[in-house]
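In what follows, a structure is listed as structure tokens, so that the remarks can point back to it.
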Amino acid sequence: MPGPPVAVAAVRHAVRAPLAEAVAAGRAVLLAVSGGPDSVAMAAAVAFEADFLARRGGAPRVAAAVVDHGLQPGSGGVAEEAARVCQRLGIDEVGVHRVQVREAGDGPEAAARTARHATLEARRAVLAADLPGGAELWLAHTRDDQAEQVLLGLLRGAGTRSLAAMAPRRGPLVRPLLDLPGATTRQACADLGLPVHHDPHNDDPRFTRVRVRRALDLLAAETGEDLGPALARTAAHARADADLLDALAAERRAGLAVAPDGSVEVAALAGLEEALRPRVWRALVREAAGPGVPDPTSVHLAQLDRLLTAWHGQGAVDVPGPWRWGRWRTVGGDAVVGPIGKNGPAPGDAVRHGRPA
């Protein structure tokens with residue numbers, strides 16, 4: 001008997017091991033399905049592999065979530081059709097979730113992503129509560145998406161963590177298709193006769209990602225090379241480097257003596273390796289700010305580091321959250337940096353307005 005078409009087999013192979021691992025651990029799998037070819041191909045492959053495992057005594061629990069952002073006319077119908085496709089594939093637990101996108105300063109793409117991820121995470125948490133093994137959220141990003149993410153990081157002048165782009169697995173998030181090009185998922189849907197939706201936003205040059213995608217296409221045409229595999233390798237190398245740097249920075253942070261008011265001796269922080277100091281700064285700012293506060297940007301981190309390396313009596317640095325970070329001398333004469341209330345000194349601290357460090 002002939003096997004499935006090549007593209008169909010490739011997508012099934014990509015989901016097989018992570019699905020078997022989830023089932024063995026007693027974890028549910030929640031598929032994020034948009035109706036586009038990537039997520040529909042993933043849903044079809046997972047449904048096939050889940051049926052295979054069930055017929056051999058496994059107990060897979062697979063659900064699908066379709067998010068309707070309401071940003072385009074007819075988006076509700078697109079979401080309902082995507083849900084019907086999942087049900088026809090044999091996925092019984094399918095939900096359509098309508099969200100309200102509140103655009104902020106980062107633009108509509110970021111606002112839609114924030115609303116979508118919050119909804120998907122809430123649904124994943126509900127599934128996780130039902131099973132001792134918890135639940136995973138599967139996203140259908142492909143190698144094409146990974147290449148775009150790397151190029152976006154390069155355009156921002158970002159460091160290794162941003163160039164690392166998307167990890168195949170990070171916490172409960174799983175991206176099983178990162179090694180596959182988008183052409184494979186599109187061909188798999190065509191081979192299986194599955195209806196898919198083409199999002200017109202994917203062709204709208206107002207969105208940065210669309211312009212990056214076109215730039216990649218132009219570079220490929222000019223060089224005669226498919227840049228996707230090379231950029232994906234760059235992401236893998238950067239991820240390994242970033243993971244090591246993060247681990248080393250965590251060690252350095254653990255070795256720092258932090259006073260009850262959150263301050264750290266300048267000499268101790270300035271003595272850390274230059275490659276690690278931004279990560280340690282980020283950890284210190286996070287700890288002072290508490291949960292739910294955005295991380296400091298690279299601009300913030302550069303300004304913070306100048307409190308150590310280019311000190312000339314400048315003012316405190318504003319960072320996200322309730323604090324500024326400044327430099328002063330303790331009663332004992334040690335130069336320190338630490339958080340200062342944005343509307344004045346931290347409660348109970350009388351030396352912050354003393355002589356500069």
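Chain labels follow the order of the structure tokens: the first chain is A, the next B, and so on; residue numbering restarts at 1 in every chain, and ligands are counted from 1 in their shown order.
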Exercise for the section: Determine, counting only C-alpha atoms, which protein, DNA and RNA residues have an atom within 10 Å of an atom of Val99 in chain A; residues of the same chain fewer than 5 positions away are not included. Present the result as an MDAnalysis selection string. Expected result: chainID A and resid 67:71 112 115:116 118:119
Could the residues in this selection be saved with C-alpha atoms as a PDB file, in the first residue's frame?
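What ended up in out.pdb:
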```
ATOM      1  CA  VAL A  67      -9.410  32.971  18.030  1.00  0.00           C
ATOM      2  CA  ASP A  68     -11.536  35.518  16.175  1.00  0.00           C
ATOM      3  CA  HIS A  69      -9.887  38.936  16.469  1.00  0.00           C
ATOM      4  CA  GLY A  70     -12.804  40.663  14.778  1.00  0.00           C
ATOM      5  CA  LEU A  71     -10.439  42.826  12.725  1.00  0.00           C
ATOM      6  CA  ALA A 112      -3.831  41.275  18.284  1.00  0.00           C
ATOM      7  CA  ALA A 115      -5.145  39.409  22.956  1.00  0.00           C
ATOM      8  CA  ARG A 116      -4.715  36.072  21.185  1.00  0.00           C
ATOM      9  CA  ALA A 118      -3.988  35.759  26.608  1.00  0.00           C
ATOM     10  CA  THR A 119      -7.038  33.878  25.337  1.00  0.00           C
TER      11      THR A 119
END
```
Within 9 Å of range 271-274 of chain A, counting only C-alpha atoms, which residues qualify if same-chain residues fewer than 5 places away don't, as a PDB file with N, CA and C atoms, in the first residue's frame?
```
ATOM      1  N   ARG A 252      25.737  34.963  38.235  1.00  0.00           N
ATOM      2  CA  ARG A 252      26.304  36.232  38.696  1.00  0.00           C
ATOM      3  C   ARG A 252      25.305  36.987  39.562  1.00  0.00           C
ATOM      4  N   VAL A 266      28.315  49.389  43.494  1.00  0.00           N
ATOM      5  CA  VAL A 266      28.774  49.683  42.141  1.00  0.00           C
ATOM      6  C   VAL A 266      29.954  48.801  41.767  1.00  0.00           C
ATOM      7  N   VAL A 280      22.088  40.832  33.950  1.00  0.00           N
ATOM      8  CA  VAL A 280      21.983  41.003  35.394  1.00  0.00           C
ATOM      9  C   VAL A 280      21.180  42.262  35.717  1.00  0.00           C
TER      10      VAL A 280
END
```
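Take CA of Asp261 in chain A and CA of Pro296 in chain A: the distance between them is 19.7 Å.
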Listing only residues of range 141-199 of chain A within 7 Å of range 5-12 of chain A, what is the closest atom pair and its distance in Å (to one decimal) for each, using only C-alpha atoms, sorted by chain and residue number ascending, as a tab-separated table?
```
residue	atom	partner	partner_atom	distance
A:Thr184	CA	A:Ala7	CA	5.3
A:Thr185	CA	A:Ala7	CA	6.9
A:Gln187	CA	A:Ala7	CA	6.0
A:Ala188	CA	A:Val8	CA	4.7
A:Asp191	CA	A:Pro5	CA	7.0
```
May I have the residues from that selection written out with N, CA and C atoms, as a PDB file, in the first residue's frame?
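Output file selection-v1.pdb is given in full below:
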```pdb
ATOM      1  N   THR A 184       5.573  23.247   2.611  1.00  0.00           N
ATOM      2  CA  THR A 184       5.190  21.877   2.972  1.00  0.00           C
ATOM      3  C   THR A 184       3.797  21.840   3.585  1.00  0.00           C
ATOM      4  N   THR A 185       3.492  22.782   4.466  1.00  0.00           N
ATOM      5  CA  THR A 185       2.152  22.781   5.068  1.00  0.00           C
ATOM      6  C   THR A 185       1.091  23.105   4.029  1.00  0.00           C
ATOM      7  N   GLN A 187       1.252  22.428   0.831  1.00  0.00           N
ATOM      8  CA  GLN A 187       1.091  21.257  -0.027  1.00  0.00           C
ATOM      9  C   GLN A 187       0.336  20.153   0.705  1.00  0.00           C
ATOM     10  N   ALA A 188       0.585  20.010   2.001  1.00  0.00           N
ATOM     11  CA  ALA A 188      -0.121  18.976   2.778  1.00  0.00           C
ATOM     12  C   ALA A 188      -1.622  19.238   2.773  1.00  0.00           C
ATOM     13  N   ASP A 191      -2.928  18.358  -0.654  1.00  0.00           N
ATOM     14  CA  ASP A 191      -2.974  16.905  -0.863  1.00  0.00           C
ATOM     15  C   ASP A 191      -4.163  16.277  -0.143  1.00  0.00           C
TER      16      ASP A 191
END
```
Against range 311-334 of chain A, which residues of range 263-283 of chain A fall within 12 Å? For each one I want the closest pair of atoms and the distance in Å (one decimal), counting only C-alpha atoms, rows by chain and increasing residue number, as a tab-separated table.
```
residue	atom	partner	partner_atom	distance
A:Ser263	CA	A:Arg327	CA	8.9
A:Val264	CA	A:Arg327	CA	9.6
A:Glu265	CA	A:Asp334	CA	7.0
A:Val266	CA	A:Asp334	CA	8.1
A:Ala267	CA	A:Asp334	CA	8.9
A:Ala268	CA	A:Asp334	CA	11.0
A:Ala270	CA	A:Trp311	CA	11.5
A:Trp281	CA	A:Trp325	CA	10.5
A:Arg282	CA	A:Val319	CA	10.3
```
Residues just named, written with N, CA and C atoms as a PDB file, in the first residue's frame:
```pdb
ATOM      1  N   SER A 263      19.450  48.003  46.667  1.00  0.00           N
ATOM      2  CA  SER A 263      20.678  48.570  46.108  1.00  0.00           C
ATOM      3  C   SER A 263      21.793  47.537  46.043  1.00  0.00           C
ATOM      4  N   VAL A 264      22.739  47.778  45.120  1.00  0.00           N
ATOM      5  CA  VAL A 264      23.864  46.891  44.876  1.00  0.00           C
ATOM      6  C   VAL A 264      25.119  47.757  44.802  1.00  0.00           C
ATOM      7  N   GLU A 265      26.213  47.257  45.340  1.00  0.00           N
ATOM      8  CA  GLU A 265      27.466  48.019  45.281  1.00  0.00           C
ATOM      9  C   GLU A 265      27.923  48.174  43.831  1.00  0.00           C
ATOM     10  N   VAL A 266      28.315  49.389  43.494  1.00  0.00           N
ATOM     11  CA  VAL A 266      28.774  49.683  42.141  1.00  0.00           C
ATOM     12  C   VAL A 266      29.954  48.801  41.767  1.00  0.00           C
ATOM     13  N   ALA A 267      30.902  48.641  42.677  1.00  0.00           N
ATOM     14  CA  ALA A 267      32.104  47.866  42.359  1.00  0.00           C
ATOM     15  C   ALA A 267      31.758  46.430  42.005  1.00  0.00           C
ATOM     16  N   ALA A 268      30.796  45.841  42.726  1.00  0.00           N
ATOM     17  CA  ALA A 268      30.427  44.453  42.465  1.00  0.00           C
ATOM     18  C   ALA A 268      29.760  44.305  41.108  1.00  0.00           C
ATOM     19  N   ALA A 270      29.874  46.517  38.509  1.00  0.00           N
ATOM     20  CA  ALA A 270      30.774  46.918  37.433  1.00  0.00           C
ATOM     21  C   ALA A 270      31.829  45.868  37.156  1.00  0.00           C
ATOM     22  N   TRP A 281      21.430  43.341  34.972  1.00  0.00           N
ATOM     23  CA  TRP A 281      20.625  44.549  35.136  1.00  0.00           C
ATOM     24  C   TRP A 281      19.143  44.233  34.946  1.00  0.00           C
ATOM     25  N   ARG A 282      18.844  43.494  33.890  1.00  0.00           N
ATOM     26  CA  ARG A 282      17.447  43.170  33.610  1.00  0.00           C
ATOM     27  C   ARG A 282      16.825  42.401  34.780  1.00  0.00           C
TER      28      ARG A 282
END
```
